[in-house]
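Novice: Just one file: structure39.txt, with compact mmCIF, C-alpha atoms.
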# COMPACT_ATOMS: atom_id res chain seq x y z
CA MET A 1 122.17 113.22 35.92
CA ASN A 2 119.34 115.50 36.88
CA ASN A 3 115.92 113.94 37.13
CA LEU A 4 113.52 116.26 35.33
CA ASP A 5 110.49 114.51 36.88
CA TYR A 6 111.69 115.41 40.34
CA LYS A 7 108.80 116.67 42.45
CA LYS A 8 109.32 118.26 45.82
CA PRO A 9 106.96 116.85 48.47
CA SER A 10 104.39 119.27 49.86
CA ILE A 11 105.14 120.87 53.21
CA PHE A 12 102.04 119.15 54.58
CA ASN A 13 103.48 115.69 53.77
CA PHE A 14 106.79 116.63 55.29
CA TYR A 15 105.15 118.04 58.41
CA PHE A 16 103.07 114.90 58.77
CA PHE A 17 106.15 112.71 58.35
CA VAL A 18 108.01 114.64 61.08
CA GLY A 19 105.05 114.18 63.45
CA LEU A 20 104.85 110.50 62.60
CA SER A 21 108.55 109.97 63.33
CA LEU A 22 108.19 111.80 66.67
CA LEU A 23 105.17 109.69 67.63
CA ILE A 24 106.92 106.46 66.66
CA SER A 25 110.00 107.40 68.68
CA ALA A 26 107.75 108.30 71.65
CA TRP A 27 106.05 104.92 71.30
CA ILE A 28 109.40 103.07 71.22
CA GLU A 29 110.61 105.15 74.20
CA ILE A 30 107.52 104.17 76.22
CA LEU A 31 107.90 100.49 75.28
CA LEU A 32 111.62 100.57 76.15
CA ASN A 33 110.81 102.26 79.42
CA ASP A 34 108.77 99.19 80.39
CA TYR A 35 111.43 96.72 79.28
CA LEU A 36 114.56 98.50 80.52
CA LEU A 37 113.49 98.21 84.17
CA SER A 38 115.07 101.59 84.68
CA ARG A 39 113.56 104.61 86.37
CA LEU A 40 114.88 106.83 83.59
CA SER A 41 114.06 106.38 79.93
CA LEU A 42 116.17 106.38 76.78
CA PRO A 43 115.23 109.79 75.29
CA LEU A 44 114.67 108.77 71.67
CA THR A 45 111.96 111.41 71.18
CA LEU A 46 114.28 114.17 72.38
CA MET A 47 116.99 113.03 69.96
CA THR A 48 114.51 112.78 67.08
CA LEU A 49 113.30 116.28 67.91
CA ILE A 50 116.87 117.61 67.93
CA TYR A 51 117.50 116.01 64.54
CA TRP A 52 114.44 117.57 62.88
CA ASN A 53 115.11 120.98 64.41
CA VAL A 54 118.69 120.94 63.21
CA ALA A 55 117.97 119.38 59.79
CA THR A 56 114.95 121.44 58.75
CA PRO A 57 114.51 124.25 61.27
CA ARG A 58 112.16 126.26 59.04
CA ASN A 59 109.65 123.45 58.61
CA ILE A 60 109.36 122.43 62.25
CA GLY A 61 106.83 124.27 64.35
CA PHE A 62 106.02 123.76 67.98
CA LEU A 63 102.81 121.76 67.47
CA TRP A 64 104.38 118.32 67.09
CA THR A 65 106.90 119.18 69.78
CA MET A 66 104.06 119.84 72.20
CA PHE A 67 102.04 116.85 71.08
CA SER A 68 104.91 114.36 71.49
CA GLY A 69 105.71 115.93 74.88
CA PHE A 70 102.11 115.45 76.03
CA VAL A 71 102.16 111.82 74.83
CA LEU A 72 105.26 111.14 76.94
CA ASP A 73 103.79 112.98 79.95
CA ILE A 74 100.63 110.88 79.77
CA PHE A 75 102.27 107.50 79.31
CA LEU A 76 105.31 107.99 81.54
CA GLY A 77 103.20 109.39 84.38
CA TYR A 78 104.45 112.97 84.70
CA LEU A 79 102.45 116.16 85.22
CA LEU A 80 101.07 117.34 81.87
CA GLY A 81 103.54 119.78 80.37
CA THR A 82 106.77 118.60 82.01
CA HIS A 83 108.20 117.02 78.86
CA VAL A 84 106.62 119.72 76.71
CA LEU A 85 108.50 122.51 78.48
CA ILE A 86 111.83 120.73 78.07
CA PHE A 87 111.09 119.89 74.43
CA LEU A 88 110.10 123.48 73.64
CA LEU A 89 113.33 124.84 75.12
CA THR A 90 115.36 122.19 73.27
CA SER A 91 113.56 123.07 70.01
CA TYR A 92 114.25 126.75 70.55
CA PHE A 93 117.97 126.30 71.19
CA SER A 94 118.33 123.74 68.37
CA GLN A 95 116.69 126.12 65.89
CA ARG A 96 118.73 129.04 67.18
CA TYR A 97 122.11 127.31 66.91
CA PHE A 98 121.54 124.77 64.13
CA HIS A 99 124.28 126.32 61.94
CA ARG A 100 126.90 125.61 64.58
CA PHE A 101 125.54 122.15 65.32
CA ARG A 102 125.51 121.09 61.68
CA ALA A 103 129.13 122.17 61.24
CA LEU A 104 130.34 119.81 63.96
CA PHE A 105 131.71 116.32 63.41
CA ARG A 106 129.39 113.45 64.32
CA LEU A 107 131.45 112.68 67.43
CA GLN A 108 131.20 116.29 68.62
CA GLN A 109 127.45 116.22 67.91
CA SER A 110 127.17 113.06 70.02
CA LEU A 111 128.91 114.83 72.90
CA ILE A 112 126.51 117.79 72.69
CA VAL A 113 123.52 115.42 72.54
CA ALA A 114 124.94 113.55 75.56
CA MET A 115 125.11 116.86 77.46
CA ILE A 116 121.50 117.69 76.55
CA VAL A 117 120.37 114.19 77.58
CA PHE A 118 122.31 114.51 80.84
CA ILE A 119 120.53 117.80 81.69
CA TYR A 120 117.18 116.32 80.59
CA GLN A 121 117.56 113.25 82.82
CA THR A 122 118.84 115.36 85.73
CA ILE A 123 115.65 117.46 85.56
CA PHE A 124 113.55 114.31 85.95
CA ILE A 125 115.66 113.05 88.84
CA SER A 126 115.23 116.45 90.55
CA ILE A 127 111.45 116.36 89.97
CA SER A 128 111.17 112.92 91.56
CA SER A 129 113.55 113.96 94.42
CA PHE A 130 114.99 110.45 94.27
CA PHE A 131 118.73 110.65 94.69
CA SER A 132 120.70 107.45 95.10
CA LEU A 133 123.86 105.86 93.79
CA SER A 134 121.88 103.53 91.52
CA ILE A 135 120.01 106.36 89.80
CA ILE A 136 123.23 108.34 89.27
CA LEU A 137 124.68 105.20 87.69
CA GLU A 138 121.58 104.87 85.50
CA LEU A 139 121.95 108.53 84.54
CA PHE A 140 125.52 108.06 83.32
CA VAL A 141 124.81 104.76 81.55
CA LEU A 142 121.76 106.16 79.73
CA THR A 143 123.67 109.30 78.78
CA ILE A 144 126.45 107.21 77.25
CA ILE A 145 123.94 104.92 75.48
CA SER A 146 122.11 107.98 74.14
CA SER A 147 125.31 109.45 72.74
CA LEU A 148 125.96 106.11 71.01
CA PHE A 149 122.42 106.12 69.63
CA TRP A 150 122.74 109.62 68.13
CA PRO A 151 124.69 108.59 64.98
CA ILE A 152 122.15 105.78 64.38
CA ILE A 153 119.14 108.07 64.77
CA TYR A 154 120.87 110.73 62.68
CA GLY A 155 121.61 108.20 59.94
CA ILE A 156 118.11 106.69 59.84
CA LEU A 157 116.28 110.01 59.88
CA ARG A 158 118.66 111.55 57.34
CA TYR A 159 118.12 108.60 55.00
CA LEU A 160 114.33 108.90 55.40
CA ARG A 161 114.42 112.67 54.92
CA ILE A 162 116.44 112.37 51.72
CA LYS A 163 114.11 109.62 50.47
CA LEU A 164 111.07 111.77 51.20
CA THR A 165 112.56 114.91 49.71
CA TYR A 166 114.27 113.54 46.57
CA GLY A 167 112.50 110.20 46.11
CA GLN A 168 114.60 107.40 44.56
CA MET B 1 143.15 112.91 52.37
CA PHE B 2 142.50 115.79 54.72
CA GLY B 3 140.52 117.85 52.19
CA GLY B 4 137.18 116.89 53.74
CA GLU B 5 138.35 117.87 57.18
CA HIS B 6 139.65 121.24 55.93
CA LYS B 7 136.30 121.91 54.32
CA GLN B 8 134.54 120.90 57.52
CA THR B 9 136.79 123.26 59.52
CA ASP B 10 136.06 126.13 57.11
CA ILE B 11 132.33 125.56 57.47
CA ALA B 12 132.67 125.38 61.25
CA GLN B 13 134.65 128.64 61.34
CA SER B 14 132.01 130.51 59.35
CA ALA B 15 129.11 128.92 61.27
CA ILE B 16 130.42 129.64 64.73
CA PHE B 17 129.10 133.23 64.73
CA THR B 18 125.86 132.44 62.92
CA THR B 19 122.54 132.02 64.68
CA GLY B 20 119.21 130.85 63.27
CA SER B 21 116.29 133.17 62.61
CA MET B 22 114.41 131.68 65.56
CA ARG B 23 113.35 134.41 68.02
CA ALA B 24 112.47 133.85 71.66
CA SER B 25 109.24 135.85 71.19
CA ARG B 26 107.87 132.97 69.09
CA LEU B 27 108.40 130.66 72.04
CA TYR B 28 106.59 132.71 74.71
CA PRO B 29 102.93 131.87 73.79
CA THR B 30 103.65 128.12 73.76
CA ILE B 31 105.57 128.31 77.04
CA PHE B 32 102.69 130.28 78.58
CA LEU B 33 100.14 127.74 77.32
CA THR B 34 102.23 124.82 78.62
CA LEU B 35 102.64 126.43 82.04
CA LEU B 36 98.88 126.99 82.14
CA ILE B 37 98.27 123.30 81.37
CA LEU B 38 100.91 122.25 83.94
CA TYR B 39 99.25 124.36 86.63
CA GLY B 40 95.79 123.12 85.59
CA ASP B 41 96.98 119.52 85.86
CA TYR B 42 98.52 120.20 89.25
CA LEU B 43 95.24 121.70 90.51
CA PHE B 44 92.66 119.43 88.86
CA ASP B 45 94.71 116.28 88.14
CA MET B 46 93.49 116.16 84.54
CA SER B 47 96.30 113.84 83.46
CA SER B 48 95.03 110.88 85.51
CA LYS B 49 91.67 111.04 83.70
CA ILE B 50 93.40 111.31 80.33
CA ARG B 51 95.70 108.43 81.34
CA VAL B 52 92.74 106.16 82.17
CA PHE B 53 90.97 107.10 78.94
CA SER B 54 94.07 106.68 76.77
CA SER B 55 95.07 103.42 78.43
CA TYR B 56 91.83 101.91 77.06
CA ILE B 57 92.29 103.32 73.59
CA PHE B 58 96.02 102.79 73.12
CA SER B 59 96.47 99.57 75.07
CA PRO B 60 96.94 97.50 71.84
CA PHE B 61 99.91 99.71 70.89
CA PHE B 62 101.64 99.41 74.23
CA GLU B 63 100.81 95.76 74.81
CA ILE B 64 101.62 94.73 71.27
CA GLU B 65 103.57 91.68 72.46
CA TYR B 66 100.56 90.29 74.34
CA VAL B 67 98.13 91.22 71.56
CA ALA B 68 100.28 89.38 68.99
CA THR B 69 100.66 86.31 71.24
CA ASP B 70 96.90 86.24 71.90
CA ALA B 71 96.12 86.53 68.21
CA ILE B 72 98.48 83.67 67.27
CA ASN B 73 97.16 81.48 70.10
CA SER B 74 93.53 82.07 69.17
CA ILE B 75 94.17 81.20 65.50
CA GLU B 76 96.05 78.04 66.49
CA SER B 77 93.49 76.84 69.00
CA TYR B 78 90.55 77.54 66.67
CA PHE B 79 91.77 74.90 64.25
CA SER B 80 92.70 72.34 66.89
CA SER B 81 90.67 69.77 68.83
CA GLN B 82 91.81 71.39 72.02
CA LYS B 83 89.53 74.37 71.45
CA ARG B 84 86.71 73.10 73.67
CA LEU B 85 89.14 72.11 76.38
CA SER B 86 90.85 75.47 76.30
CA GLU B 87 87.46 77.21 76.47
CA GLU B 88 86.62 75.18 79.55
CA ILE B 89 89.96 76.06 81.10
CA PHE B 90 89.33 79.69 80.24
CA THR B 91 85.90 79.56 81.94
CA LEU B 92 87.43 77.98 85.03
CA GLU B 93 90.24 80.53 85.05
CA GLU B 94 87.64 83.28 84.82
CA LYS B 95 85.81 81.77 87.82
CA ILE B 96 89.09 81.60 89.76
CA ARG B 97 89.77 85.22 88.88
CA GLN B 98 86.32 86.23 90.09
CA LEU B 99 86.84 84.34 93.34
CA GLU B 100 90.24 85.95 93.77
CA ASN B 101 88.68 89.38 93.23
CA LYS B 102 86.01 88.55 95.78
CA ASN B 103 88.67 87.36 98.19
CA LEU B 104 90.63 90.57 97.66
CA TYR B 105 87.50 92.63 98.21
CA LEU B 106 86.79 90.78 101.47
CA LYS B 107 90.39 91.25 102.59
CA ASN B 108 90.13 94.97 101.85
CA THR B 109 86.88 95.17 103.82
CA LYS B 110 88.52 93.34 106.72
CA ASN B 111 91.49 95.72 106.63
CA SER B 112 89.17 98.72 106.56
CA LEU B 113 87.23 97.36 109.53
CA ASN B 114 90.47 96.73 111.44
CA GLU B 115 91.60 100.23 110.65
CA LEU B 116 88.28 101.68 111.81
CA GLU B 117 88.45 99.60 115.00
CA GLU B 118 91.94 100.92 115.78
CA ILE B 119 90.88 104.47 115.03
CA PHE B 120 87.88 104.07 117.39
CA ASN B 121 90.27 102.75 120.06
CA LEU B 122 92.41 105.81 119.48
CA SER B 123 89.36 108.07 119.71
CA LYS B 124 88.72 106.82 123.28
CA SER B 125 91.62 109.01 124.39
CA PHE B 126 89.66 112.09 123.19
CA GLN B 127 86.66 111.48 125.48
CA ASN B 128 85.56 115.07 125.93
CA LYS B 129 86.49 116.28 122.51
CA GLU B 130 84.66 116.34 119.23
CA ILE B 131 86.11 113.99 116.67
CA PHE B 132 85.48 113.83 112.94
CA LEU B 133 86.29 111.05 110.52
CA GLY B 134 87.10 111.46 106.86
CA LYS B 135 88.01 109.29 103.88
CA VAL B 136 91.31 109.77 102.08
CA SER B 137 90.54 110.72 98.47
CA ASP B 138 93.96 111.59 97.08
CA ILE B 139 97.63 111.47 98.02
CA LYS B 140 100.01 113.85 96.26
CA LYS B 141 103.79 113.56 96.54
CA PHE B 142 104.77 116.32 94.13
CA PRO B 143 105.66 119.16 94.51
CA ARG B 144 105.01 118.57 98.22
CA GLU B 145 103.29 115.86 100.19
CA ILE B 146 99.58 116.51 100.72
CA ILE B 147 96.71 114.16 101.59
CA SER B 148 93.21 115.20 100.52
CA VAL B 149 90.43 113.94 102.79
CA ASP B 150 86.73 113.98 101.89
CA MET B 151 84.55 115.20 104.78
CA ARG B 152 80.78 115.29 105.18
CA THR B 153 80.94 118.08 107.70
CA ASN B 154 82.15 121.65 107.52
CA ASN B 155 82.88 121.83 111.27
CA ILE B 156 86.57 121.21 110.75
CA SER B 157 88.76 124.11 111.85
CA LYS B 158 92.35 124.86 110.93
CA ASP B 159 93.66 124.31 114.47
CA MET B 160 92.71 120.61 114.38
CA VAL B 161 95.25 117.83 113.97
CA ALA B 162 95.02 114.61 111.98
CA PHE B 163 95.50 111.01 113.08
CA ASN B 164 95.61 107.73 111.21
CA LYS B 165 95.40 104.34 112.90
CA PHE B 166 99.01 104.59 114.11
CA GLY B 167 98.76 108.04 115.66
CA LEU B 168 99.44 111.69 114.99
CA VAL B 169 100.31 112.25 111.33
CA GLY B 170 99.77 115.84 110.32
CA THR B 171 98.19 119.25 110.52
CA ILE B 172 95.58 120.93 108.37
CA ASP B 173 97.05 122.84 105.47
CA GLU B 174 93.93 123.96 103.64
CA LEU B 175 90.17 123.79 104.16
CA GLN B 176 87.77 123.57 101.25
CA LYS B 177 84.11 122.71 101.08
CA ASN B 178 83.83 119.06 102.16
CA LEU B 179 87.56 118.63 101.56
CA VAL B 180 90.53 118.94 103.92
CA LYS B 181 94.15 118.97 102.83
CA ILE B 182 96.67 117.68 105.36
CA LYS B 183 100.39 118.31 105.38
CA PRO B 184 102.60 115.75 107.12
CA LEU B 185 104.27 116.19 110.49
CA HIS B 186 107.60 115.64 108.75
CA ASP B 187 107.07 118.77 106.60
CA THR B 188 109.97 121.21 107.07
CA SER B 189 107.57 123.90 108.31
CA SER B 190 106.35 121.69 111.22
CA LYS B 191 107.69 122.56 114.65
CA ILE B 192 106.34 120.30 117.38
CA PRO B 193 106.77 120.88 121.12
CA ALA B 194 107.91 117.53 122.51
CA LYS B 195 109.67 115.92 125.44
CA ASN B 196 112.13 113.13 125.99
CA LEU B 197 110.22 110.37 127.81
CA ARG B 198 113.33 109.25 129.73
CA THR B 199 114.58 112.64 130.98
CA LEU B 200 111.27 114.58 130.64
CA GLU B 201 113.26 117.42 129.09
CA ASN B 202 111.21 119.70 126.81
CA ILE B 203 112.46 120.02 123.26
CA ILE B 204 111.23 121.24 119.90
CA ILE B 205 111.40 118.88 117.00
CA GLN B 206 111.25 119.93 113.39
CA GLY B 207 110.22 118.01 110.28
CA SER B 208 113.06 117.04 107.96
CA GLY B 209 111.00 116.97 104.76
CA GLU B 210 111.67 113.24 104.46
CA PRO B 211 109.06 110.66 105.49
CA LYS B 212 109.35 109.48 109.11
CA LEU B 213 112.34 111.74 109.93
CA PHE B 214 112.59 114.69 112.32
CA TYR B 215 115.38 116.81 113.77
CA VAL B 216 115.65 118.17 117.29
CA GLU B 217 116.25 121.91 117.19
CA GLU B 218 119.18 123.47 119.07
CA PHE B 219 119.96 120.64 121.41
CA LYS B 220 122.86 121.65 123.64
CA LYS B 221 125.91 119.40 123.82
CA ASN B 222 125.83 119.05 127.60
CA SER B 223 122.17 117.85 127.60
CA ASP B 224 121.19 114.28 128.36
CA ILE B 225 120.07 112.32 125.29
CA ALA B 226 120.81 108.83 124.03
CA ILE B 227 120.02 106.71 121.00
CA GLY B 228 116.76 104.88 121.54
CA ASP B 229 115.16 107.62 123.69
CA GLU B 230 111.45 107.90 123.01
CA ILE B 231 110.13 111.34 122.06
CA VAL B 232 106.49 112.21 122.70
CA THR B 233 104.43 115.37 122.21
CA SER B 234 104.52 117.65 125.25
CA GLY B 235 101.24 119.45 124.54
CA LEU B 236 102.89 122.83 125.20
CA GLY B 237 101.43 125.62 123.11
CA LYS B 238 98.25 123.55 122.73
CA ARG B 239 98.89 123.08 119.02
CA PHE B 240 99.35 119.30 119.40
CA PRO B 241 97.77 116.88 121.90
CA LYS B 242 99.88 115.59 124.75
CA ASP B 243 101.74 112.26 125.06
CA PHE B 244 101.58 110.99 121.50
CA LEU B 245 104.64 109.10 120.37
CA LEU B 246 106.64 110.93 117.69
CA GLY B 247 109.54 108.53 117.39
CA LYS B 248 112.84 107.33 118.73
CA VAL B 249 116.26 108.96 118.61
CA ILE B 250 118.26 107.12 115.94
CA LYS B 251 121.32 109.30 115.41
CA ILE B 252 123.27 111.90 117.37
CA ASP B 253 125.95 113.91 115.55
CA GLN B 254 128.61 115.92 117.42
CA ASN B 255 129.06 119.09 115.35
CA GLN B 256 132.61 120.37 115.46
CA GLY B 257 132.71 124.12 116.14
CA SER B 258 129.11 124.30 117.34
CA ASN B 259 127.53 124.15 120.78
CA PHE B 260 124.61 122.11 119.51
CA LEU B 261 124.08 118.48 118.60
CA THR B 262 122.26 117.28 115.50
CA VAL B 263 119.72 114.76 116.74
CA MET B 264 117.68 112.70 114.33
CA VAL B 265 114.35 111.16 115.35
CA GLU B 266 112.56 108.51 113.37
CA ASN B 267 109.04 107.24 113.73
CA SER B 268 107.88 103.86 112.54
CA PHE B 269 104.62 104.71 110.83
CA ASP B 270 103.76 106.18 107.51
CA PHE B 271 101.99 109.49 107.02
CA SER B 272 100.16 108.26 103.93
CA PHE B 273 99.00 104.93 105.38
CA GLY B 274 95.36 103.86 105.48
CA SER B 275 92.10 105.19 104.13
CA THR B 276 90.54 106.86 107.19
CA ILE B 277 91.70 110.00 108.99
CA LEU B 278 90.48 111.25 112.36
CA PHE B 279 90.43 114.99 113.17
CA THR B 280 90.23 116.53 116.61
CA LYS B 281 91.27 119.63 118.51
CA PRO B 282 94.37 119.24 120.69
Give the structure from the file, written as structure tokens.
Specialist:
Amino acid sequence: MNNLDYKKPSIFNFYFFVGLSLLISAWIEILLNDYLLSRLSLPLTLMTLIYWNVATPRNIGFLWTMFSGFVLDIFLGYLLGTHVLIFLLTSYFSQRYFHRFRALFRLQQSLIVAMIVFIYQTIFISISSFFSLSIILELFVLTIISSLFWPIIYGILRYLRIKLTYGQ
Amino acid sequence: MFGGEHKQTDIAQSAIFTTGSMRASRLYPTIFLTLLILYGDYLFDMSSKIRVFSSYIFSPFFEIEYVATDAINSIESYFSSQKRLSEEIFTLEEKIRQLENKNLYLKNTKNSLNELEEIFNLSKSFQNKEIFLGKVSDIKKFPREIISVDMRTNNISKDMVAFNKFGLVGTIDELQKNLVKIKPLHDTSSKIPAKNLRTLENIIIQGSGEPKLFYVEEFKKNSDIAIGDEIVTSGLGKRFPKDFLLGKVIKIDQNQGSNFLTVMVENSFDFSFGSTILFTKP
């Protein structure tokens, strides 16, 4: 049954909600970074960003991408702009190829996300010039964990997006 | 049963050649702006100031566990008879903390004085030369190792070398007003005339790019060298002063198909140690 009272949320609300979800994921990522005792972090913000770029590519600009990148740079101790550059490139490619990404099965999507996370973490290992067996192990473990997290993040954000867009 | 999968495959087949309307030209301004900020941060270290500022503002968000525990404890203790006792304990703990800080401060002062004393001992070997002392203001590890040293004089010249309390640590990379930037001896661009203290053979050692490690350049297989040999500066070329210890030979590799050995030299002291740097001409 169609709901005749259905009201589409304004783009401003939606934009604000996307920013809020990115900031919350950045916050959780920073907290986890302290608790995981790992030199690398679980890239929740990156995965959230990929979701929004694939789900609603027309509504996502680069402002929140940059802002969440700067937040991570400040609190994880990198040069300002390091995360931002990676996030911008990820946003670009996600928005460019979102048709193909959406058409994939969830398992295939997880594999693609794992590849992106692998490249992302490798960049940070290269920046720190710290190569050791333990960090390679961390890299693989976090990549696998991230790929397992993707369906969860996808599910939560999809549920919230549908709630926000169509209400009850 | 497989209807959903067929539909999914159909969608995938039609989507495989489709690209979004996103154009790279929309990305360029943001990339340019980000690179500008990255370079600005590298030059002026803006992020550390922002970090300090934001750590004050956002500390409740990132220390939420402690904030919650503190809040619960304060509510509990307010309504209990232990409040006065806990306040007294808190006051005593505060006093202990102040004393610990004072102790730390005194220890730091003692360390600084020891460091200065050792640097003055070192300076005795430069009797007829001008020496200048500077305070380390910043140590950068990325993208390459550089120590910034605050100076009150502008008499520093680029041919001077830098010492910390352990010995020779680097050369001058850049001179600015009241600021000197030093690159480490172990930088890959460093080539130091040296000699083996046991055989007195002249060699050239090169920085490996890794802290405390050097390589000996083109060391012939029939030459005399052994693990544990001490390598000191030879003073040849007058770029570095004579007879300063650079390190000990820790590894000798026989390269198959080459006439040269790969010799690795390691020193025991850290380039970025201490807070005072001494400059002098070789």
Novice: Quick one: residues within 6 Å of range 115-131 of chain B, only C-alpha atoms counted, chain neighbours fewer than 3 positions away excluded, as a list in words?
Specialist: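 Counting only C-alpha atoms, the residues come to Ser112, Lys165, Phe279 and Thr280 of chain B.
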Novice: What's around Phe70 in chain A at 8 Å? Count all atoms listed in the file, leave out sequence neighbours fewer than 5 positions away in its own chain, and write the answer as a short mmCIF file (atom, residue, chain, number, x, y, z; two decimals) with C-alpha atoms, in the frame of the given file.
Specialist:
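Once written, selection_33.cif looks like this:
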data_model
loop_
_atom_site.label_atom_id
_atom_site.label_comp_id
_atom_site.auth_asym_id
_atom_site.auth_seq_id
_atom_site.Cartn_x
_atom_site.Cartn_y
_atom_site.Cartn_z
CA LEU A 80 101.07 117.34 81.87
CA GLY A 81 103.54 119.78 80.37
CA HIS A 83 108.20 117.02 78.86
CA VAL A 84 106.62 119.72 76.71
#
Novice: Could you give me the centre and size, in Å to one decimal, of an axis-aligned box around all listed atoms of range 51-54 of chain B with 3 Å added on every side, as lines of an AutoDock Vina configuration file?
Specialist:
center_x = 93.3
center_y = 107.3
center_z = 79.5
size_x = 10.7
size_y = 8.3
size_z = 11.4
Novice: Pick out the residues sitting within 10 Å of Asn13 in chain A, and hand them over as a list in words; count all atoms listed in the file, and ignore anything fewer than 5 positions along from it in its own chain.
Specialist: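 The contact residues come out as Val18, Gly19, Leu164 and Thr165 of chain A.
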Novice: Between CA of Ile153 in chain A and CA of Ile60 in chain A, measure the distance and give it in Å to one decimal.
Specialist: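 Spanning CA of Ile153 in chain A to CA of Ile60 in chain A is a straight-line distance of 17.6 Å.
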Novice: Using all atoms listed in the file, find all polymer residues with an atom at most 12 Å away from the point (124.7, 104.4, 75.9); report them as a PyMOL selection string.
Specialist: chain A and resi 41-44+110-111+113-114+117-118+137-152
Novice: Keeping only C-alpha atoms, write the selected residues to a file as a tab-separated table (two decimals), keeping the file's coordinate frame.
Specialist:
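Here's the written file result01.tsv:
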chain	number	residue	atom	x	y	z
A	41	SER	CA	114.06	106.38	79.93
A	42	LEU	CA	116.17	106.38	76.78
A	43	PRO	CA	115.23	109.79	75.29
A	44	LEU	CA	114.67	108.77	71.67
A	110	SER	CA	127.17	113.06	70.02
A	111	LEU	CA	128.91	114.83	72.90
A	113	VAL	CA	123.52	115.42	72.54
A	114	ALA	CA	124.94	113.55	75.56
A	117	VAL	CA	120.37	114.19	77.58
A	118	PHE	CA	122.31	114.51	80.84
A	137	LEU	CA	124.68	105.20	87.69
A	138	GLU	CA	121.58	104.87	85.50
A	139	LEU	CA	121.95	108.53	84.54
A	140	PHE	CA	125.52	108.06	83.32
A	141	VAL	CA	124.81	104.76	81.55
A	142	LEU	CA	121.76	106.16	79.73
A	143	THR	CA	123.67	109.30	78.78
A	144	ILE	CA	126.45	107.21	77.25
A	145	ILE	CA	123.94	104.92	75.48
A	146	SER	CA	122.11	107.98	74.14
A	147	SER	CA	125.31	109.45	72.74
A	148	LEU	CA	125.96	106.11	71.01
A	149	PHE	CA	122.42	106.12	69.63
A	150	TRP	CA	122.74	109.62	68.13
A	151	PRO	CA	124.69	108.59	64.98
A	152	ILE	CA	122.15	105.78	64.38
Novice: Would you kindly report the residues of chain A within 10 Å of chain B, using all atoms listed in the file, as a ChimeraX atom specification?
Specialist: /A:27-28,30-31,34,54,57-58,61-63,66,70-71,73-86,88-89,91-105,127-129
Novice: Excluding range 204-220 of chain B and its own-chain neighbours fewer than 3 positions away, which residues fall within 7 Å of it when counting only C-alpha atoms? Please give them as a ChimeraX atom specification.
Specialist: /B:185-194,223,259-270
Novice: Enter the distance from CA of Val249 in chain B to CA of Asp229 in chain B, in Å, rounded to one decimal.
Specialist: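 Between CA of Val249 in chain B and CA of Asp229 in chain B the gap is 5.4 Å.
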Novice: Suppose you want the space between CA of Thr48 in chain A and CA of Leu36 in chain A; what is it in Å?
Specialist: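 One can read the CA of Thr48 in chain A to CA of Leu36 in chain A distance as 19.6 Å.
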Novice: Can you work out which one of B:Tyr78, B:Asn155, B:Ile147, B:Leu197 has the shortest atom-to-atom distance to Gly170 in chain B, counting all atoms listed in the file?
Specialist: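 Answer, going by the shortest atom-to-atom distance: B:Ile147.
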Novice: Regenerate range 240-247 of chain B at the level of N, CA, C and O atoms and dump it as an mmCIF file, in the coordinates of the input.
Specialist:
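File written: result_25.cif
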data_model
loop_
_atom_site.group_PDB
_atom_site.id
_atom_site.type_symbol
_atom_site.label_atom_id
_atom_site.label_comp_id
_atom_site.auth_asym_id
_atom_site.auth_seq_id
_atom_site.Cartn_x
_atom_site.Cartn_y
_atom_site.Cartn_z
ATOM 1 N N PHE B 240 99.418 120.756 119.565
ATOM 2 C CA PHE B 240 99.350 119.300 119.400
ATOM 3 C C PHE B 240 98.919 118.654 120.719
ATOM 4 O O PHE B 240 99.273 119.155 121.786
ATOM 5 N N PRO B 241 98.181 117.543 120.657
ATOM 6 C CA PRO B 241 97.770 116.880 121.900
ATOM 7 C C PRO B 241 98.980 116.265 122.627
ATOM 8 O O PRO B 241 100.013 116.032 122.020
ATOM 9 N N LYS B 242 98.773 116.031 123.908
ATOM 10 C CA LYS B 242 99.880 115.590 124.750
ATOM 11 C C LYS B 242 100.096 114.077 124.668
ATOM 12 O O LYS B 242 99.152 113.312 124.455
ATOM 13 N N ASP B 243 101.355 113.664 124.871
ATOM 14 C CA ASP B 243 101.740 112.260 125.060
ATOM 15 C C ASP B 243 101.497 111.341 123.867
ATOM 16 O O ASP B 243 101.169 110.169 124.043
ATOM 17 N N PHE B 244 101.623 111.877 122.677
ATOM 18 C CA PHE B 244 101.580 110.990 121.500
ATOM 19 C C PHE B 244 102.990 110.741 120.999
ATOM 20 O O PHE B 244 103.775 111.675 120.867
ATOM 21 N N LEU B 245 103.277 109.479 120.766
ATOM 22 C CA LEU B 245 104.640 109.100 120.370
ATOM 23 C C LEU B 245 104.996 109.712 118.998
ATOM 24 O O LEU B 245 104.227 109.623 118.054
ATOM 25 N N LEU B 246 106.163 110.360 118.956
ATOM 26 C CA LEU B 246 106.640 110.930 117.690
ATOM 27 C C LEU B 246 107.744 110.083 117.079
ATOM 28 O O LEU B 246 107.942 110.100 115.871
ATOM 29 N N GLY B 247 108.486 109.385 117.932
ATOM 30 C CA GLY B 247 109.540 108.530 117.390
ATOM 31 C C GLY B 247 110.647 108.272 118.390
ATOM 32 O O GLY B 247 110.544 108.634 119.564
#
